[in-house]
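Trainee: Sharing model_21.csv here; it has CSV, C-alpha atoms.
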```
chain,number,residue,atom,x,y,z
A,756,MET,CA,-22.9,49.1,227.8
A,757,ARG,CA,-24.1,46.2,225.6
A,758,TRP,CA,-27.1,45.7,227.8
A,759,ARG,CA,-28.0,49.3,227.6
A,760,HIS,CA,-28.0,49.2,223.8
A,761,LEU,CA,-30.1,46.0,223.8
A,762,THR,CA,-32.6,47.6,226.2
A,763,ALA,CA,-32.9,50.7,224.1
A,764,GLU,CA,-33.4,48.6,221.0
A,765,VAL,CA,-36.2,46.6,222.6
A,766,LEU,CA,-37.9,49.7,223.8
A,767,ALA,CA,-37.6,51.3,220.4
A,768,VAL,CA,-39.5,48.4,218.8
A,769,ALA,CA,-41.9,47.5,221.7
A,770,ILE,CA,-43.3,51.0,222.3
A,771,PRO,CA,-44.4,51.6,218.7
A,772,ALA,CA,-45.7,48.1,218.4
A,773,GLY,CA,-47.6,48.5,221.7
A,774,ALA,CA,-49.1,51.7,220.4
A,775,VAL,CA,-50.3,50.0,217.3
A,776,LEU,CA,-51.7,47.0,219.1
A,777,ALA,CA,-53.7,49.3,221.3
A,778,ALA,CA,-55.8,50.4,218.2
A,779,PRO,CA,-59.5,49.3,218.1
A,780,ASP,CA,-59.0,47.0,215.0
A,781,PRO,CA,-55.8,45.0,215.5
A,782,PHE,CA,-56.3,42.9,212.3
A,783,GLY,CA,-57.0,45.7,209.8
A,784,TYR,CA,-54.6,47.1,207.3
A,785,PRO,CA,-53.6,50.1,209.4
A,786,ALA,CA,-52.7,48.0,212.4
A,787,VAL,CA,-50.9,45.2,210.4
A,788,SER,CA,-48.9,47.7,208.4
A,789,GLY,CA,-48.0,49.7,211.6
A,790,LEU,CA,-47.0,46.5,213.4
A,791,ILE,CA,-44.8,45.5,210.5
A,792,ALA,CA,-43.1,48.9,210.4
A,793,ALA,CA,-42.4,48.7,214.1
A,794,LEU,CA,-40.9,45.2,213.8
A,795,LEU,CA,-38.6,46.4,211.0
A,796,LEU,CA,-37.3,49.3,213.0
A,797,PRO,CA,-33.9,47.6,213.8
A,798,LEU,CA,-33.0,48.3,210.2
A,799,ARG,CA,-32.8,52.0,211.0
A,800,ARG,CA,-29.3,51.5,212.6
A,801,ARG,CA,-27.7,50.7,209.3
A,802,TRP,CA,-30.2,51.8,206.7
A,803,PRO,CA,-32.3,54.7,208.1
A,804,ARG,CA,-33.6,55.7,204.7
A,805,ILE,CA,-34.9,52.2,204.0
A,806,ALA,CA,-36.5,52.2,207.5
A,807,VAL,CA,-38.4,55.4,206.6
A,808,LEU,CA,-39.5,53.9,203.3
A,809,LEU,CA,-40.8,50.8,205.0
A,810,CYS,CA,-42.8,53.1,207.3
A,811,LEU,CA,-44.6,54.9,204.5
A,812,PRO,CA,-47.3,52.2,203.9
A,813,ALA,CA,-48.1,52.4,207.6
A,814,LEU,CA,-48.2,56.2,207.4
A,815,ALA,CA,-50.8,55.9,204.6
A,816,GLY,CA,-52.8,53.6,206.8
A,817,GLY,CA,-52.9,56.0,209.7
A,818,LEU,CA,-51.0,54.0,212.3
A,819,GLY,CA,-47.5,54.4,211.1
A,820,TRP,CA,-46.6,57.4,213.2
A,821,PRO,CA,-45.1,55.6,216.2
A,822,ALA,CA,-42.7,53.7,214.0
A,823,SER,CA,-42.1,56.6,211.7
A,824,ILE,CA,-41.1,58.9,214.5
A,825,VAL,CA,-38.3,56.5,215.5
A,826,ALA,CA,-37.2,56.0,211.9
A,827,LEU,CA,-37.2,59.7,211.2
A,828,PHE,CA,-35.2,60.4,214.3
A,829,ALA,CA,-32.6,57.8,213.2
A,830,LEU,CA,-32.5,59.5,209.8
A,831,GLY,CA,-31.8,62.9,211.4
A,832,ARG,CA,-29.0,61.3,213.4
A,833,ALA,CA,-27.5,59.9,210.2
A,834,GLN,CA,-26.9,63.6,209.4
A,835,PRO,CA,-27.4,63.9,205.7
A,836,GLN,CA,-27.5,67.3,204.1
A,837,ALA,CA,-30.3,69.6,205.2
A,838,ARG,CA,-31.9,69.7,201.7
A,839,SER,CA,-32.1,65.9,201.7
A,840,LEU,CA,-33.7,65.9,205.2
A,841,ALA,CA,-36.2,68.4,204.0
A,842,TRP,CA,-37.2,66.2,201.1
A,843,TRP,CA,-37.7,63.2,203.4
A,844,VAL,CA,-39.9,65.3,205.7
A,845,VAL,CA,-42.0,66.4,202.8
A,846,LEU,CA,-42.3,62.8,201.5
A,847,ALA,CA,-43.4,61.5,204.9
A,848,ALA,CA,-45.9,64.3,205.3
A,849,ALA,CA,-47.3,63.9,201.8
A,850,VAL,CA,-47.8,60.1,202.3
A,851,ALA,CA,-49.5,60.7,205.6
A,852,VAL,CA,-51.8,63.5,204.5
A,853,ALA,CA,-52.7,62.2,201.1
A,854,PRO,CA,-55.4,59.7,202.2
A,855,VAL,CA,-57.0,62.3,204.4
A,856,LEU,CA,-57.3,64.8,201.6
A,857,ILE,CA,-58.5,62.2,199.2
A,858,PHE,CA,-61.1,60.5,201.4
A,859,GLN,CA,-62.3,63.4,203.5
A,860,SER,CA,-63.9,66.7,202.5
A,861,LEU,CA,-62.1,69.4,204.6
A,862,GLN,CA,-62.4,73.1,204.6
A,863,VAL,CA,-59.4,75.2,203.6
A,864,GLY,CA,-58.6,76.0,207.2
A,865,ALA,CA,-58.7,72.4,208.3
A,866,ILE,CA,-56.5,71.5,205.3
A,867,VAL,CA,-53.9,74.1,206.4
A,868,LEU,CA,-54.0,72.9,210.0
A,869,THR,CA,-53.6,69.3,208.9
A,870,LEU,CA,-50.7,70.1,206.6
A,871,ALA,CA,-49.0,72.1,209.4
A,872,TYR,CA,-49.5,69.3,211.9
A,873,VAL,CA,-48.2,66.6,209.6
A,874,LEU,CA,-45.1,68.6,208.7
A,875,LEU,CA,-44.4,69.3,212.3
A,876,ALA,CA,-44.9,65.7,213.3
A,877,ALA,CA,-42.5,64.5,210.5
A,878,GLY,CA,-40.0,67.3,210.9
A,879,ALA,CA,-39.7,67.4,214.7
A,880,PRO,CA,-38.0,63.9,215.1
A,881,VAL,CA,-35.7,64.6,212.1
A,882,ALA,CA,-34.7,68.0,213.6
A,883,LEU,CA,-34.2,66.4,217.0
A,884,GLY,CA,-32.0,63.6,215.6
A,885,ALA,CA,-29.9,66.1,213.7
A,886,LEU,CA,-29.5,68.2,216.8
A,887,VAL,CA,-28.4,65.1,218.8
A,888,SER,CA,-25.9,64.2,216.2
A,889,LEU,CA,-24.6,67.8,216.0
A,890,ARG,CA,-24.2,67.9,219.8
A,891,GLN,CA,-22.2,64.6,219.7
A,892,LYS,CA,-19.9,65.9,217.0
A,893,LEU,CA,-19.4,69.2,218.9
A,894,ALA,CA,-18.7,67.3,222.1
A,895,GLU,CA,-16.2,65.1,220.2
A,896,SER,CA,-14.6,68.2,218.7
A,897,LEU,CA,-14.3,69.7,222.1
A,898,ARG,CA,-12.7,66.6,223.5
A,899,ARG,CA,-10.2,66.6,220.7
A,900,LEU,CA,-9.5,70.3,221.3
A,901,GLU,CA,-9.0,69.8,225.0
A,902,ALA,CA,-6.7,66.8,224.3
A,903,ALA,CA,-4.7,68.9,221.7
A,904,THR,CA,-4.5,71.8,224.2
A,905,ALA,CA,-3.3,69.5,227.0
A,906,ALA,CA,-0.7,67.9,224.7
A,907,GLU,CA,0.5,71.4,223.6
A,908,LEU,CA,0.8,72.5,227.2
A,909,GLU,CA,2.7,69.3,228.1
A,910,ALA,CA,5.0,69.8,225.2
A,911,LYS,CA,5.7,73.4,226.2
A,912,ALA,CA,6.3,72.3,229.8
A,913,GLU,CA,8.6,69.5,228.6
A,914,THR,CA,10.5,72.0,226.4
A,915,ALA,CA,10.8,74.4,229.4
A,916,ARG,CA,12.1,71.5,231.5
A,917,ALA,CA,14.6,70.5,228.8
A,918,ASP,CA,15.8,74.0,228.5
A,919,GLU,CA,16.2,74.3,232.3
A,920,ARG,CA,18.0,71.0,232.4
A,921,ALA,CA,20.3,72.1,229.6
A,922,ARG,CA,21.0,75.4,231.5
A,923,ILE,CA,21.8,73.5,234.7
A,924,ALA,CA,24.0,71.1,232.8
A,925,ARG,CA,26.0,74.0,231.3
A,926,GLU,CA,26.3,75.6,234.7
A,927,ILE,CA,27.5,72.4,236.3
A,928,HIS,CA,29.9,71.7,233.5
A,929,ASP,CA,31.3,75.2,233.6
A,930,ALA,CA,31.6,75.5,237.3
A,931,VAL,CA,32.7,72.0,238.3
A,932,GLY,CA,34.6,71.3,235.1
A,933,HIS,CA,36.7,74.4,235.8
A,934,HIS,CA,37.8,73.3,239.2
A,935,VAL,CA,38.4,69.6,238.2
A,936,THR,CA,40.4,70.9,235.2
A,937,LEU,CA,42.6,72.9,237.5
A,938,ILE,CA,43.1,69.8,239.6
A,939,ALA,CA,44.2,67.9,236.5
A,940,VAL,CA,46.5,70.7,235.4
A,941,GLU,CA,48.2,71.1,238.8
A,942,SER,CA,48.5,67.4,239.2
A,943,ALA,CA,50.2,67.2,235.8
A,944,ALA,CA,52.5,70.1,236.7
A,945,LEU,CA,53.4,68.4,240.0
A,946,ALA,CA,54.1,65.1,238.3
A,947,ALA,CA,56.4,66.9,235.8
A,948,THR,CA,58.4,68.9,238.4
A,949,THR,CA,58.7,66.6,241.4
A,950,ALA,CA,61.6,64.3,241.8
A,951,ASP,CA,59.9,62.1,244.4
A,952,THR,CA,58.8,58.9,242.6
A,953,GLU,CA,55.8,58.3,245.0
A,954,ALA,CA,54.6,61.9,244.7
A,955,LYS,CA,54.9,61.7,240.9
A,956,GLU,CA,52.8,58.5,240.8
A,957,THR,CA,50.2,60.1,243.2
A,958,ALA,CA,50.0,63.2,241.0
A,959,SER,CA,49.6,61.2,237.8
A,960,ARG,CA,46.9,59.1,239.5
A,961,LEU,CA,45.1,62.3,240.6
A,962,ARG,CA,45.3,63.7,237.1
A,963,GLY,CA,43.8,60.5,235.7
A,964,LEU,CA,41.0,60.6,238.3
A,965,ALA,CA,40.3,64.2,237.4
A,966,LYS,CA,40.1,63.4,233.7
A,967,GLN,CA,37.8,60.5,234.5
A,968,ALA,CA,35.6,62.7,236.6
A,969,LEU,CA,35.3,65.2,233.8
A,970,ASP,CA,34.4,62.5,231.4
A,971,GLU,CA,31.8,60.9,233.6
A,972,MET,CA,30.3,64.3,234.3
A,973,ARG,CA,30.0,65.0,230.6
A,974,ALA,CA,28.4,61.6,230.1
A,975,THR,CA,25.9,62.2,232.9
A,976,LEU,CA,25.0,65.7,231.6
A,977,GLY,CA,24.5,64.3,228.1
A,978,LEU,CA,27.3,66.4,226.6
A,979,GLY,CA,29.0,63.5,224.8
A,980,SER,CA,31.6,61.3,226.3
A,981,THR,CA,33.7,58.2,225.7
A,982,CYS,CA,33.4,57.1,229.3
A,983,ARG,CA,32.3,53.5,229.9
A,984,THR,CA,30.5,52.5,233.0
A,985,GLY,CA,29.6,48.8,233.1
A,986,LEU,CA,30.3,45.5,234.6
A,987,ASP,CA,33.6,45.1,232.7
A,988,THR,CA,34.9,48.4,234.2
A,989,ILE,CA,34.2,47.5,237.8
A,990,PRO,CA,37.7,45.8,238.1
A,991,GLU,CA,39.2,49.0,236.9
A,992,LEU,CA,37.2,51.0,239.4
A,993,VAL,CA,38.4,48.6,242.2
A,994,GLY,CA,42.0,49.0,240.9
A,995,GLN,CA,41.8,52.8,241.2
A,996,ALA,CA,40.6,52.4,244.8
A,997,ARG,CA,43.5,50.1,245.5
A,998,ALA,CA,46.0,52.5,243.9
A,999,ALA,CA,44.6,55.2,246.3
A,1000,GLY,CA,45.5,53.0,249.3
A,1001,VAL,CA,42.1,51.4,249.9
A,1002,ASP,CA,42.1,47.7,250.8
A,1003,VAL,CA,39.6,46.2,248.4
A,1004,GLU,CA,38.9,42.6,247.6
A,1005,LEU,CA,36.8,41.8,244.5
A,1006,THR,CA,35.0,38.5,244.0
A,1007,SER,CA,33.1,38.0,240.7
A,1008,GLU,CA,30.9,35.0,239.9
A,1009,LEU,CA,29.1,36.4,236.9
A,1010,SER,CA,28.4,33.4,234.6
A,1011,ASP,CA,26.5,35.6,232.1
A,1012,PRO,CA,27.5,39.2,232.1
A,1013,ASP,CA,25.2,40.1,229.2
A,1014,VAL,CA,22.8,42.5,230.9
A,1015,PRO,CA,21.0,45.7,229.7
A,1016,PRO,CA,23.0,48.9,229.7
A,1017,ALA,CA,20.8,50.5,232.3
A,1018,VAL,CA,21.4,47.6,234.7
A,1019,GLU,CA,25.2,47.7,234.0
A,1020,ARG,CA,25.3,51.5,234.8
A,1021,ALA,CA,23.3,51.0,238.0
A,1022,ALA,CA,25.7,48.1,239.1
A,1023,TYR,CA,28.7,50.3,238.4
A,1024,ARG,CA,27.2,53.2,240.4
A,1025,VAL,CA,26.4,50.9,243.3
A,1026,VAL,CA,30.0,49.7,243.6
A,1027,GLN,CA,31.3,53.2,243.0
A,1028,GLU,CA,29.1,54.7,245.7
A,1029,ALA,CA,29.9,51.9,248.2
A,1030,LEU,CA,33.6,52.4,247.7
A,1031,THR,CA,33.3,56.1,248.1
A,1032,ASN,CA,31.3,55.8,251.3
A,1033,ALA,CA,33.5,53.2,252.8
A,1034,SER,CA,36.6,55.2,252.0
A,1035,LYS,CA,35.1,58.3,253.7
A,1036,HIS,CA,33.4,56.7,256.7
A,1037,ALA,CA,35.5,53.6,257.4
A,1038,PRO,CA,39.2,54.5,256.5
A,1039,GLY,CA,41.5,51.6,256.9
A,1040,ALA,CA,38.8,49.0,256.8
A,1041,VAL,CA,38.8,46.1,254.5
A,1042,ILE,CA,36.2,46.4,251.7
A,1043,LYS,CA,34.8,43.3,250.0
A,1044,VAL,CA,33.0,43.5,246.7
A,1045,ASP,CA,31.0,40.4,245.7
A,1046,LEU,CA,29.4,40.1,242.2
A,1047,ALA,CA,27.2,37.1,241.5
A,1048,SER,CA,24.5,36.1,239.1
A,1049,ARG,CA,21.6,34.1,240.7
A,1050,ALA,CA,18.0,33.3,239.7
A,1051,GLY,CA,18.1,35.6,236.7
A,1052,ALA,CA,19.3,38.6,238.8
A,1053,LEU,CA,22.6,40.4,239.4
A,1054,HIS,CA,23.5,40.4,243.1
A,1055,ILE,CA,26.0,43.0,244.3
A,1056,VAL,CA,27.2,43.0,247.9
A,1057,VAL,CA,29.8,45.5,249.2
A,1058,THR,CA,30.8,45.0,252.8
A,1059,ASN,CA,33.3,47.0,254.9
A,1060,GLY,CA,34.6,46.4,258.4
A,1061,ALA,CA,34.8,48.8,261.3
A,1062,PRO,CA,36.8,52.0,260.6
A,1063,GLN,CA,40.4,52.1,261.7
A,1064,GLY,CA,40.7,55.8,261.8
A,1065,GLU,CA,38.7,59.1,261.8
A,1066,PRO,CA,36.2,59.5,259.0
A,1067,VAL,CA,37.4,61.7,256.1
A,1068,ASP,CA,35.5,65.1,255.9
A,1069,VAL,CA,35.2,66.0,252.2
A,1070,GLY,CA,32.3,68.4,252.7
A,1071,SER,CA,29.6,66.2,251.2
A,1072,GLY,CA,26.0,66.5,252.2
A,1073,GLY,CA,25.5,62.8,252.3
A,1074,SER,CA,22.5,62.1,249.9
A,1075,GLY,CA,24.3,59.6,247.8
A,1076,LEU,CA,22.5,56.5,249.1
A,1077,ALA,CA,19.1,58.1,248.5
A,1078,GLY,CA,20.0,58.9,244.9
A,1079,LEU,CA,21.5,55.5,244.4
A,1080,SER,CA,18.4,53.8,245.7
A,1081,GLU,CA,16.3,55.8,243.2
A,1082,ARG,CA,18.7,54.8,240.4
A,1083,VAL,CA,18.4,51.1,241.4
A,1084,ARG,CA,14.6,51.3,241.6
A,1085,MET,CA,14.4,52.8,238.1
A,1086,ALA,CA,16.5,49.9,236.8
A,1087,GLY,CA,13.9,47.5,238.4
A,1088,GLY,CA,16.0,46.5,241.3
A,1089,GLN,CA,16.2,46.9,245.1
A,1090,LEU,CA,18.9,48.4,247.3
A,1091,ASP,CA,19.4,47.6,251.0
A,1092,ALA,CA,21.8,49.2,253.4
A,1093,THR,CA,22.7,47.4,256.7
A,1094,PRO,CA,24.9,48.9,259.4
A,1095,PHE,CA,26.7,46.5,261.8
A,1096,GLU,CA,27.1,46.8,265.5
A,1097,ASP,CA,30.9,46.9,265.3
A,1098,GLY,CA,30.7,49.9,262.9
A,1099,GLY,CA,30.9,48.0,259.7
A,1100,PHE,CA,28.4,48.4,256.9
A,1101,GLN,CA,26.9,46.3,254.0
A,1102,LEU,CA,25.3,47.6,250.8
A,1103,THR,CA,23.3,45.0,248.9
A,1104,ALA,CA,21.7,45.5,245.4
A,1105,VAL,CA,19.7,43.1,243.4
A,1106,LEU,CA,19.2,44.0,239.8
A,1107,PRO,CA,17.2,42.1,237.1
A,1108,LYS,CA,19.2,40.9,234.2
A,1109,GLN,CA,16.3,41.6,231.8
A,1110,ARG,CA,14.4,44.9,231.5
```
Hey, can you dump this file as structure tokens for me?

Mentor:
Amino acid sequence: MRWRHLTAEVLAVAIPAGAVLAAPDPFGYPAVSGLIAALLLPLRRRWPRIAVLLCLPALAGGLGWPASIVALFALGRAQPQARSLAWWVVLAAAVAVAPVLIFQSLQVGAIVLTLAYVLLAAGAPVALGALVSLRQKLAESLRRLEAATAAELEAKAETARADERARIAREIHDAVGHHVTLIAVESAALAATTADTEAKETASRLRGLAKQALDEMRATLGLGSTCRTGLDTIPELVGQARAAGVDVELTSELSDPDVPPAVERAAYRVVQEALTNASKHAPGAVIKVDLASRAGALHIVVTNGAPQGEPVDVGSGGSGLAGLSERVRMAGGQLDATPFEDGGFQLTAVLPKQR
């Protein structure tokens, strides 16, 4: 772009100067004044009026038109008021025609034609420059209008998406929340009426899990919640699994647990999903959860052995790993799932500690 501007500037000076040097008398006043006016044309970029004034002596000499056309075009592009442009056109025309009227004896018809020609020669570049400037302003206004229209459409689409998400969140909360609440109520009723100590403990644990599920659902849907899902709650998550009869071993080597909230939530969901999948697909197997901090990243490895019984059918569609992989990717990490030949399984997540 810079070379294009430089080339245009050289041509704007060289063409008028060349036209002047092609005159028969290169050392006379007309040629010298015309050449000076051409060499001073770069001033038109910042001071177009001064450039036109500097061309007036050359206009009076007769060879100032090449430089004057360039200067008048720049004046038109500067876009002053129409009345001001008209005065500049009249001034340039008057300076150019005055020597002709003074030193030559012309008939009335020739005078009229001369005046018309000079006014046209002075007014055309000014009008062309004004039209170019107007076109640029209209194009810029159109771009701003298109950008504003696009932003408005995007805002409307985002509003529609937000409304739809809110509607879906309400539907999920009302439908799922109703059934989970019934589970909590019936568990509480069972715990209050049964005399069996083990059944009472199981019912109380089910009631606690139902309340936690409701709380996490409200947090996920953005409906307000006191639920915490982070690295410090992973031992609690493992403890709940143990209480449900799952054989889980937790090993933590986190030297610096201070990580961003998004990474903490992703780490919690990795362990939660791994425990859920292992409980469903490998009942009776030993599950090992290893947490470590290495090379500025959080490493989570959940391994389970071969299943000791039939998989538990809970009616799930089985898209948890795909959603979990997307969550880990959004947190800047990577998730790998590795099945073993003996039926075991390993889930490995590497999450950055800085985002």

Trainee: Out of A:Phe828, A:Val1026, A:Val787, A:Ala1092, which residue has the shortest atom-to-atom distance to Arg804 (chain A) when counting all atoms listed in the file?

Mentor: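 Under the stated criterion, the closest residue is A:Phe828.
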
Trainee: Please report the interatomic distance between CA of Arg1020 (chain A) and CA of Gly1099 (chain A) in Å with one decimal.

Mentor: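 According to the coordinates, CA of Arg1020 (chain A) and CA of Gly1099 (chain A) are separated by 25.8 Å.
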
Trainee: Counting all atoms listed in the file, which residue out of A:Pro1094, A:Met972, A:Gly1064, A:Val1025 sits closest to Glu1081 (chain A)?

Mentor: A:Val1025

Trainee: I'd like the interatomic distance between CA of Val845 (chain A) and CA of Leu874 (chain A), to a tenth of an Å.

Mentor: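 Those two atoms sit 7.0 Å apart.
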
Trainee: Quick check, in Å to one decimal: how far apart do CA of Gly1088 (chain A) and CA of Pro1107 (chain A) lie?

Mentor: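 Rounded to one decimal, the two atoms are 6.2 Å apart.
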
Trainee: Could you name the residues that touch Val765 (chain A) at 12 Å or less, counting only C-alpha atoms, but leaving out those on the same chain fewer than 6 positions away, as a list in words?

Mentor: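 Residues near the query, excluding close chain neighbours: Trp758, Arg759, Pro771, Ala772, Gly773, Ala793, Leu794, Leu795, Leu796 and Pro797 of chain A.
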
Trainee: Could you name the residues that touch Arg799 (chain A) at 7 Å or less, counting all atoms listed in the file, but leaving out those on the same chain fewer than 5 positions away, as a ChimeraX atom specification?

Mentor: /A:806,826,829

Trainee: Write the residues you've just listed into a file as an mmCIF file, in the frame of the given file, and include C-alpha atoms for each of them.

Mentor:
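In the end it all went to selection-v1.cif:
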```
data_model
loop_
_atom_site.group_PDB
_atom_site.id
_atom_site.type_symbol
_atom_site.label_atom_id
_atom_site.label_comp_id
_atom_site.auth_asym_id
_atom_site.auth_seq_id
_atom_site.Cartn_x
_atom_site.Cartn_y
_atom_site.Cartn_z
ATOM 1 C CA ALA A 806 -36.500 52.200 207.500
ATOM 2 C CA ALA A 826 -37.200 56.000 211.900
ATOM 3 C CA ALA A 829 -32.600 57.800 213.200
#
```

Trainee: Compare A:Leu886, A:Pro785, A:Val873, A:Ala851 by their minimum atom-to-atom distance to Ala833 (chain A), counting all atoms listed in the file, and give me the closest one.

Mentor: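 Among the listed residues, A:Leu886 lies closest to Ala833 (chain A).
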
Trainee: Please provide as a list in words all residues within 10 Å of Thr869 (chain A), with the sequence filter that same-chain residues fewer than 5 positions apart are discarded (counting only C-alpha atoms).

Mentor: Ala848, Val852, Val855, Leu856, Leu861, Val863, Gly864, Leu874 and Leu875 of chain A

Trainee: Please determine, counting all atoms listed in the file, which residue among A:Ala877, A:Leu870, A:Leu964, A:Ala958 has the shortest atom-to-atom distance to Ala841 (chain A).

Mentor: A:Ala877

Trainee: Given only C-alpha atoms as the basis, pick out the residue of A:Gln834, A:Thr957, A:Ser839, A:Asn1032 nearest to Thr1058 (chain A).

Mentor: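 Closest to Thr1058 (chain A) of all the choices is A:Asn1032.
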
Trainee: Applying 7 Å and all atoms listed in the file, which residues near Leu986 (chain A) remain after dropping the ones on its own chain fewer than 2 positions away? List them as a PyMOL selection string.

Mentor: chain A and resi 988-989+1019+1022-1023

Trainee: Which residue, A:Ala849, A:Val1014, A:Ala885, A:Ala965, has the smallest gap to Gly985 (chain A) when you use only C-alpha atoms?

Mentor: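 Using only C-alpha atoms, Gly985 (chain A) sits closest to A:Val1014.
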
Trainee: Any idea what's packed within 12 Å of Gly1098 (chain A), counting all atoms listed in the file, ignoring anything in its chain fewer than 3 positions away? Could you give it as a ChimeraX atom specification?

Mentor: /A:1033,1036-1038,1040,1058-1064,1066,1093-1095,1101

Trainee: For the residues in that selection, give me C-alpha atoms as a PDB file, keeping the file's coordinate frame.

Mentor:
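As written to disk, result24.pdb reads:
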```pdb
ATOM      1  CA  ALA A1033      33.500  53.200 252.800  1.00  0.00           C
ATOM      2  CA  HIS A1036      33.400  56.700 256.700  1.00  0.00           C
ATOM      3  CA  ALA A1037      35.500  53.600 257.400  1.00  0.00           C
ATOM      4  CA  PRO A1038      39.200  54.500 256.500  1.00  0.00           C
ATOM      5  CA  ALA A1040      38.800  49.000 256.800  1.00  0.00           C
ATOM      6  CA  THR A1058      30.800  45.000 252.800  1.00  0.00           C
ATOM      7  CA  ASN A1059      33.300  47.000 254.900  1.00  0.00           C
ATOM      8  CA  GLY A1060      34.600  46.400 258.400  1.00  0.00           C
ATOM      9  CA  ALA A1061      34.800  48.800 261.300  1.00  0.00           C
ATOM     10  CA  PRO A1062      36.800  52.000 260.600  1.00  0.00           C
ATOM     11  CA  GLN A1063      40.400  52.100 261.700  1.00  0.00           C
ATOM     12  CA  GLY A1064      40.700  55.800 261.800  1.00  0.00           C
ATOM     13  CA  PRO A1066      36.200  59.500 259.000  1.00  0.00           C
ATOM     14  CA  THR A1093      22.700  47.400 256.700  1.00  0.00           C
ATOM     15  CA  PRO A1094      24.900  48.900 259.400  1.00  0.00           C
ATOM     16  CA  PHE A1095      26.700  46.500 261.800  1.00  0.00           C
ATOM     17  CA  GLN A1101      26.900  46.300 254.000  1.00  0.00           C
TER      18      GLN A1101
END
```

Trainee: Mind giving me the axis-aligned box for region 807-810 of chain A with 4 Å on every side, centre plus edges in Å to one decimal, as lines of an AutoDock Vina configuration file?

Mentor:
```
center_x = -40.6
center_y = 53.1
center_z = 205.3
size_x = 12.4
size_y = 12.6
size_z = 12.0
```
